[in-house]
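A.B. asks: Provided below: structure23.csv, containing CSV, C-alpha atoms and all ligand atoms.
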```csv
chain,number,residue,atom,x,y,z
A,1,MET,CA,-19.6,2.4,-40.9
A,2,LYS,CA,-23.1,3.9,-41.1
A,3,SER,CA,-25.2,4.8,-38.1
A,4,ALA,CA,-28.9,3.9,-38.4
A,5,LEU,CA,-29.8,7.0,-36.3
A,6,THR,CA,-29.3,10.7,-36.9
A,7,ARG,CA,-27.3,12.5,-34.3
A,8,THR,CA,-30.5,14.2,-33.1
A,9,GLN,CA,-32.2,10.8,-32.7
A,10,ALA,CA,-29.2,9.4,-30.8
A,11,LEU,CA,-29.3,12.4,-28.4
A,12,GLU,CA,-33.0,11.9,-27.8
A,13,LEU,CA,-32.4,8.3,-27.0
A,14,LEU,CA,-29.7,9.1,-24.5
A,15,CYS,CA,-32.0,11.6,-22.8
A,16,LYS,CA,-34.9,9.2,-22.8
A,17,TYR,CA,-33.0,6.8,-20.6
A,18,ASN,CA,-30.7,9.2,-18.8
A,19,LYS,CA,-32.2,12.0,-16.8
A,20,GLU,CA,-29.2,12.6,-14.4
A,21,PRO,CA,-27.1,15.6,-15.7
A,22,PHE,CA,-24.0,13.7,-14.7
A,23,HIS,CA,-24.8,10.8,-17.0
A,24,ARG,CA,-25.8,13.1,-19.9
A,25,LEU,CA,-22.5,15.0,-19.4
A,26,HIS,CA,-20.6,11.7,-19.5
A,27,GLY,CA,-22.3,10.6,-22.7
A,28,LEU,CA,-21.6,13.9,-24.4
A,29,THR,CA,-18.0,14.0,-23.2
A,30,VAL,CA,-17.3,10.4,-24.5
A,31,GLU,CA,-19.0,11.4,-27.8
A,32,GLY,CA,-16.8,14.4,-28.3
A,33,THR,CA,-13.7,12.3,-27.3
A,34,MET,CA,-14.6,9.6,-29.8
A,35,ARG,CA,-15.1,12.1,-32.5
A,36,TRP,CA,-11.7,13.5,-31.9
A,37,TYR,CA,-10.1,10.0,-32.0
A,38,ALA,CA,-11.9,9.1,-35.2
A,39,LYS,CA,-10.3,12.0,-36.9
A,40,GLU,CA,-6.9,11.6,-35.2
A,41,LEU,CA,-6.6,7.9,-36.1
A,42,GLY,CA,-7.7,8.2,-39.7
A,43,TYR,CA,-11.3,7.2,-39.5
A,44,GLY,CA,-12.7,10.7,-40.3
A,45,GLU,CA,-15.4,9.3,-42.6
A,46,ASP,CA,-16.7,7.2,-39.7
A,47,GLU,CA,-16.8,10.1,-37.2
A,48,GLU,CA,-20.5,10.1,-36.8
A,49,PHE,CA,-20.5,6.4,-36.0
A,50,TRP,CA,-17.7,6.7,-33.5
A,51,GLY,CA,-19.5,9.7,-31.9
A,52,GLN,CA,-22.8,8.0,-31.5
A,53,VAL,CA,-21.1,5.0,-30.0
A,54,GLY,CA,-19.7,7.3,-27.4
A,55,LEU,CA,-22.9,9.1,-26.8
A,56,LEU,CA,-24.9,5.9,-26.3
A,57,HIS,CA,-22.4,3.6,-24.6
A,58,ASP,CA,-23.9,3.9,-21.1
A,59,ILE,CA,-27.5,4.0,-22.3
A,60,ASP,CA,-28.6,1.4,-19.7
A,61,PHE,CA,-26.5,2.5,-16.8
A,62,GLU,CA,-28.9,4.9,-15.0
A,63,LEU,CA,-32.0,2.6,-15.0
A,64,TYR,CA,-30.3,-0.8,-15.1
A,65,PRO,CA,-27.0,-0.5,-13.3
A,66,GLU,CA,-27.1,-4.2,-12.3
A,67,GLN,CA,-27.5,-5.2,-16.0
A,68,HIS,CA,-25.0,-2.8,-17.5
A,69,CYS,CA,-24.2,-3.8,-21.1
A,70,VAL,CA,-26.7,-6.6,-20.8
A,71,LYS,CA,-29.8,-4.5,-21.0
A,72,ALA,CA,-28.3,-2.1,-23.6
A,73,PRO,CA,-28.9,-4.3,-26.7
A,74,GLU,CA,-32.6,-4.5,-26.0
A,75,LEU,CA,-33.0,-0.7,-25.6
A,76,LEU,CA,-30.8,0.0,-28.6
A,77,ARG,CA,-32.5,-2.6,-30.9
A,78,GLU,CA,-35.9,-1.2,-30.0
A,79,ALA,CA,-34.7,2.2,-31.1
A,80,GLY,CA,-33.5,0.8,-34.4
A,81,VAL,CA,-29.7,0.9,-33.7
A,82,GLY,CA,-27.7,-1.4,-35.9
A,83,GLU,CA,-26.0,-4.6,-34.7
A,84,ASP,CA,-22.5,-3.2,-35.4
A,85,MET,CA,-23.1,-0.3,-33.1
A,86,ILE,CA,-24.6,-2.5,-30.5
A,87,HIS,CA,-21.5,-4.7,-30.5
A,88,ALA,CA,-19.3,-1.7,-30.2
A,89,ILE,CA,-21.3,-0.4,-27.2
A,90,VAL,CA,-21.5,-3.7,-25.4
A,91,SER,CA,-17.7,-4.4,-25.9
A,92,HIS,CA,-16.8,-1.6,-23.5
A,93,GLY,CA,-17.9,-3.8,-20.7
A,94,TYR,CA,-15.5,-6.6,-21.7
A,95,GLY,CA,-14.2,-8.4,-18.6
A,96,ILE,CA,-16.3,-6.2,-16.3
A,97,CYS,CA,-20.0,-7.1,-17.1
A,98,VAL,CA,-19.9,-9.0,-20.4
A,99,ASP,CA,-17.6,-11.3,-22.5
A,100,VAL,CA,-17.7,-9.3,-25.8
A,101,VAL,CA,-14.1,-8.6,-26.8
A,102,PRO,CA,-13.3,-5.1,-28.2
A,103,GLU,CA,-12.1,-6.0,-31.8
A,104,HIS,CA,-12.2,-2.8,-33.9
A,105,GLU,CA,-9.9,0.0,-33.1
A,106,MET,CA,-12.9,2.1,-32.3
A,107,GLU,CA,-14.0,-0.4,-29.7
A,108,LYS,CA,-10.6,-0.4,-28.1
A,109,VAL,CA,-10.6,3.4,-28.0
A,110,LEU,CA,-14.0,3.4,-26.3
A,111,PHE,CA,-12.9,0.8,-23.7
A,112,ALA,CA,-9.7,2.8,-22.8
A,113,ALA,CA,-11.1,6.3,-23.0
A,114,ASP,CA,-14.4,5.8,-21.2
A,115,GLU,CA,-12.8,5.2,-17.8
A,116,LEU,CA,-10.0,7.7,-18.4
A,117,THR,CA,-12.4,10.5,-19.3
A,118,GLY,CA,-14.0,9.9,-15.9
A,119,LEU,CA,-10.6,10.4,-14.2
A,120,ILE,CA,-9.7,13.4,-16.3
A,121,GLY,CA,-13.1,15.0,-15.6
A,122,ALA,CA,-12.7,14.5,-11.9
A,123,ALA,CA,-9.1,15.9,-12.0
A,124,ALA,CA,-10.3,18.9,-14.0
A,125,LYS,CA,-12.9,19.8,-11.3
A,126,MET,CA,-10.1,20.1,-8.8
A,127,ARG,CA,-8.2,22.7,-10.8
A,128,PRO,CA,-8.7,26.4,-10.3
A,129,SER,CA,-9.8,26.7,-14.0
A,130,LYS,CA,-12.2,23.7,-13.6
A,131,SER,CA,-11.0,22.8,-17.1
A,132,VAL,CA,-8.9,20.4,-19.0
A,133,MET,CA,-7.6,23.2,-21.2
A,134,ASP,CA,-4.6,23.8,-18.9
A,135,MET,CA,-4.2,20.3,-17.7
A,136,GLU,CA,-0.8,18.6,-18.3
A,137,VAL,CA,-0.1,14.9,-18.4
A,138,SER,CA,2.3,15.2,-15.4
A,139,SER,CA,-0.5,16.3,-13.1
A,140,LEU,CA,-2.9,13.6,-14.5
A,141,LYS,CA,-0.2,11.0,-13.7
A,142,LYS,CA,-0.1,12.1,-10.1
A,143,LYS,CA,-3.9,11.7,-9.9
A,144,PHE,CA,-3.7,8.3,-11.6
A,145,LYS,CA,-1.2,7.1,-8.9
A,146,ASP,CA,-3.2,8.5,-6.0
A,147,LYS,CA,-5.5,5.5,-5.6
A,148,LYS,CA,-7.8,7.4,-3.3
A,149,PHE,CA,-8.5,10.0,-5.9
A,150,ALA,CA,-11.6,9.2,-8.0
A,151,ALA,CA,-11.4,5.6,-6.7
A,152,GLY,CA,-14.3,4.5,-8.8
A,153,CYS,CA,-12.2,5.0,-12.0
A,154,SER,CA,-10.4,1.7,-12.4
A,155,ARG,CA,-6.7,2.1,-13.0
A,156,ASP,CA,-6.5,-1.5,-14.2
A,157,VAL,CA,-9.1,-0.9,-16.9
A,158,ILE,CA,-7.3,2.2,-18.1
A,159,LYS,CA,-4.0,0.2,-18.2
A,160,GLN,CA,-5.6,-2.7,-19.9
A,161,GLY,CA,-7.2,-0.3,-22.4
A,162,ALA,CA,-3.8,1.2,-23.3
A,163,GLU,CA,-2.3,-2.2,-23.7
A,164,GLN,CA,-5.2,-3.3,-26.0
A,165,LEU,CA,-4.4,-0.3,-28.2
A,166,GLY,CA,-0.6,-1.0,-28.1
A,167,TRP,CA,-0.1,2.5,-26.6
A,168,THR,CA,1.8,3.5,-23.5
A,169,LEU,CA,-0.3,4.9,-20.7
A,170,GLU,CA,1.3,8.3,-21.3
A,171,GLU,CA,0.2,8.3,-24.9
A,172,LEU,CA,-3.3,7.4,-24.0
A,173,MET,CA,-3.4,10.2,-21.4
A,174,GLU,CA,-1.9,12.8,-23.8
A,175,LYS,CA,-4.4,12.0,-26.5
A,176,THR,CA,-7.4,11.8,-24.3
A,177,ILE,CA,-6.6,15.2,-22.7
A,178,LEU,CA,-6.4,16.7,-26.2
A,179,ALA,CA,-9.7,14.9,-27.1
A,180,MET,CA,-11.4,16.3,-24.1
A,181,ARG,CA,-10.1,19.8,-24.8
A,182,SER,CA,-11.6,19.6,-28.3
A,183,CYS,CA,-15.1,19.2,-26.9
A,184,GLU,CA,-15.1,20.8,-23.5
A,185,ASN,CA,-16.8,24.0,-24.7
A,186,SER,CA,-19.3,22.5,-27.0
A,187,VAL,CA,-20.4,19.9,-24.4
A,188,GLN,CA,-21.0,22.7,-21.9
A,189,VAL,CA,-23.0,24.6,-24.4
A,190,GLU,CA,-25.1,21.6,-25.3
A,191,MET,CA,-25.7,20.7,-21.6
A,192,GLU,CA,-27.4,24.0,-21.2
A,193,THR,CA,-29.9,23.2,-23.9
A,194,LEU,CA,-31.0,19.9,-22.4
A,195,VAL,CA,-34.0,19.8,-20.1
B,1,FE,FE,-19.0,5.3,-19.6
```
Go ahead and express the file in the form of structure tokens.
Ligand SMILES: [Fe+2]

C.D. replies:
Amino acid sequence: MKSALTRTQALELLCKYNKEPFHRLHGLTVEGTMRWYAKELGYGEDEEFWGQVGLLHDIDFELYPEQHCVKAPELLREAGVGEDMIHAIVSHGYGICVDVVPEHEMEKVLFAADELTGLIGAAAKMRPSKSVMDMEVSSLKKKFKDKKFAAGCSRDVIKQGAEQLGWTLEELMEKTILAMRSCENSVQVEMETLV
């Protein structure tokens, strides 16, 4: 899998359409998470592709929330992004805003991890450390069960994501915590550099 863009170009593209720090942070976090998963699952040579899919997956969300995953192909094509990456990005809206099924393992990971990184990020903010570094699966499970906590993070999508991967919910949680630990510092550092 070969990305048409360099990482620098992909980051510029994210920042062109996303000015809100929260959205940039989310893109960078999902990027770092996808990079960890690529290596973890034996797709190390495709790490850049997986990472850019994560970075750009919500490209249209800030400006076109009503057309999420529908507007994205247009913005991405215009920037020279390849059709394989566009498919991967759009498929994370499967059953929510589009009908494009996640097929490749990378697409299934994006679908499952996107929503879960949101929940983990919200849970981390509540911790004295404000970090995922000392977060355990047991405490995340409690947050998952508490429907009022981060109510915008769909538990059904996370469960469906784990099923599509053939993993238990616990496995998905364990791995995604590790993935987020791997990039927490570098994401914070990079956020400081973005204006
Ligand atoms: Fe997302």

A.B. asks: Give the residue list for ligand FE 1 (chain B) at 10 Å, counting all atoms listed in the file, as a VMD selection string, sorted by chain and then by residue number.

C.D. replies: chain A and resid 23 26 to 27 29 to 30 54 to 59 61 89 92 to 93 110 to 111 113 to 118

A.B. asks: If we count all atoms listed in the file and set the cut-off at 12 Å, which residues sit around Met34 in chain A, ignoring sequence neighbours fewer than 3 positions away in its own chain? Please answer as an MDAnalysis selection string.

C.D. replies: chainID A and resid 27:31 37:41 43:44 46:57 105:114 117 175:176 178:180 182:183

A.B. asks: Taking into account only C-alpha atoms, which residue in the set A:Leu63, A:Val187, A:Lys143, A:Ser131 is nearest to Arg155 in chain A?

C.D. replies: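 Once distances to Arg155 in chain A are computed over only C-alpha atoms, the minimum belongs to A:Lys143.
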
A.B. asks: Ranking A:Ile96, A:Met1, A:Leu13, A:Leu194 by minimum distance to Glu45 in chain A and counting only C-alpha atoms, which one comes first?

C.D. replies: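 When distances to Glu45 in chain A are compared using only C-alpha atoms, the smallest one comes from A:Met1.
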
A.B. asks: Would you mind reading off the distance between CA of Gly95 in chain A and CA of Gly121 in chain A, one decimal, in Å?

C.D. replies: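 That distance, rounded to one decimal, is 23.6 Å.
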
A.B. asks: I'd like to know which of A:Lys147, A:Leu172, A:Leu165, A:Cys15 is closest to Pro102 in chain A, using all atoms listed in the file.

C.D. replies: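 So, comparing all the options, the nearest one is A:Leu165.
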
A.B. asks: Please, what distance in Å, to one decimal, runs between CA of Gln164 in chain A and CA of Val100 in chain A?

C.D. replies: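 Separation between CA of Gln164 in chain A and CA of Val100 in chain A: 13.9 Å.
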
A.B. asks: Find, counting all atoms listed in the file, the residue in A:Val101, A:Thr33, A:Ala162, A:Val81 that gets nearest to Ser186 in chain A.

C.D. replies: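 Selected residue with least distance to Ser186 in chain A: A:Thr33.
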
A.B. asks: My list of candidates is A:Ala124, A:Cys69, A:Met85, A:Ile158. Which is closest to Glu136 in chain A when distances are computed with all atoms listed in the file?

C.D. replies: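 For Glu136 in chain A, the nearest of the candidates is A:Ala124.
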
A.B. asks: Just give me the gap between CA of Lys125 in chain A and CA of Glu170 in chain A in Å, one decimal is fine.

C.D. replies: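 Answer for the CA of Lys125 in chain A to CA of Glu170 in chain A separation: 20.8 Å.
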
A.B. asks: Restricting the calculation to all atoms listed in the file, which member of A:Tyr17, A:Pro128, A:Gly32, A:Glu83 is positioned closest to Pro65 in chain A?

C.D. replies: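 Of the candidates, the smallest distance to Pro65 in chain A is held by A:Tyr17.
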
A.B. asks: Would you pick out the contacts of range 149-152 of chain A at 7 Å or less, using all atoms listed in the file, so that residues sharing its chain but fewer than 3 positions from it are not included, and give the list as a PyMOL selection string?

C.D. replies: chain A and resi 119+122+143+146
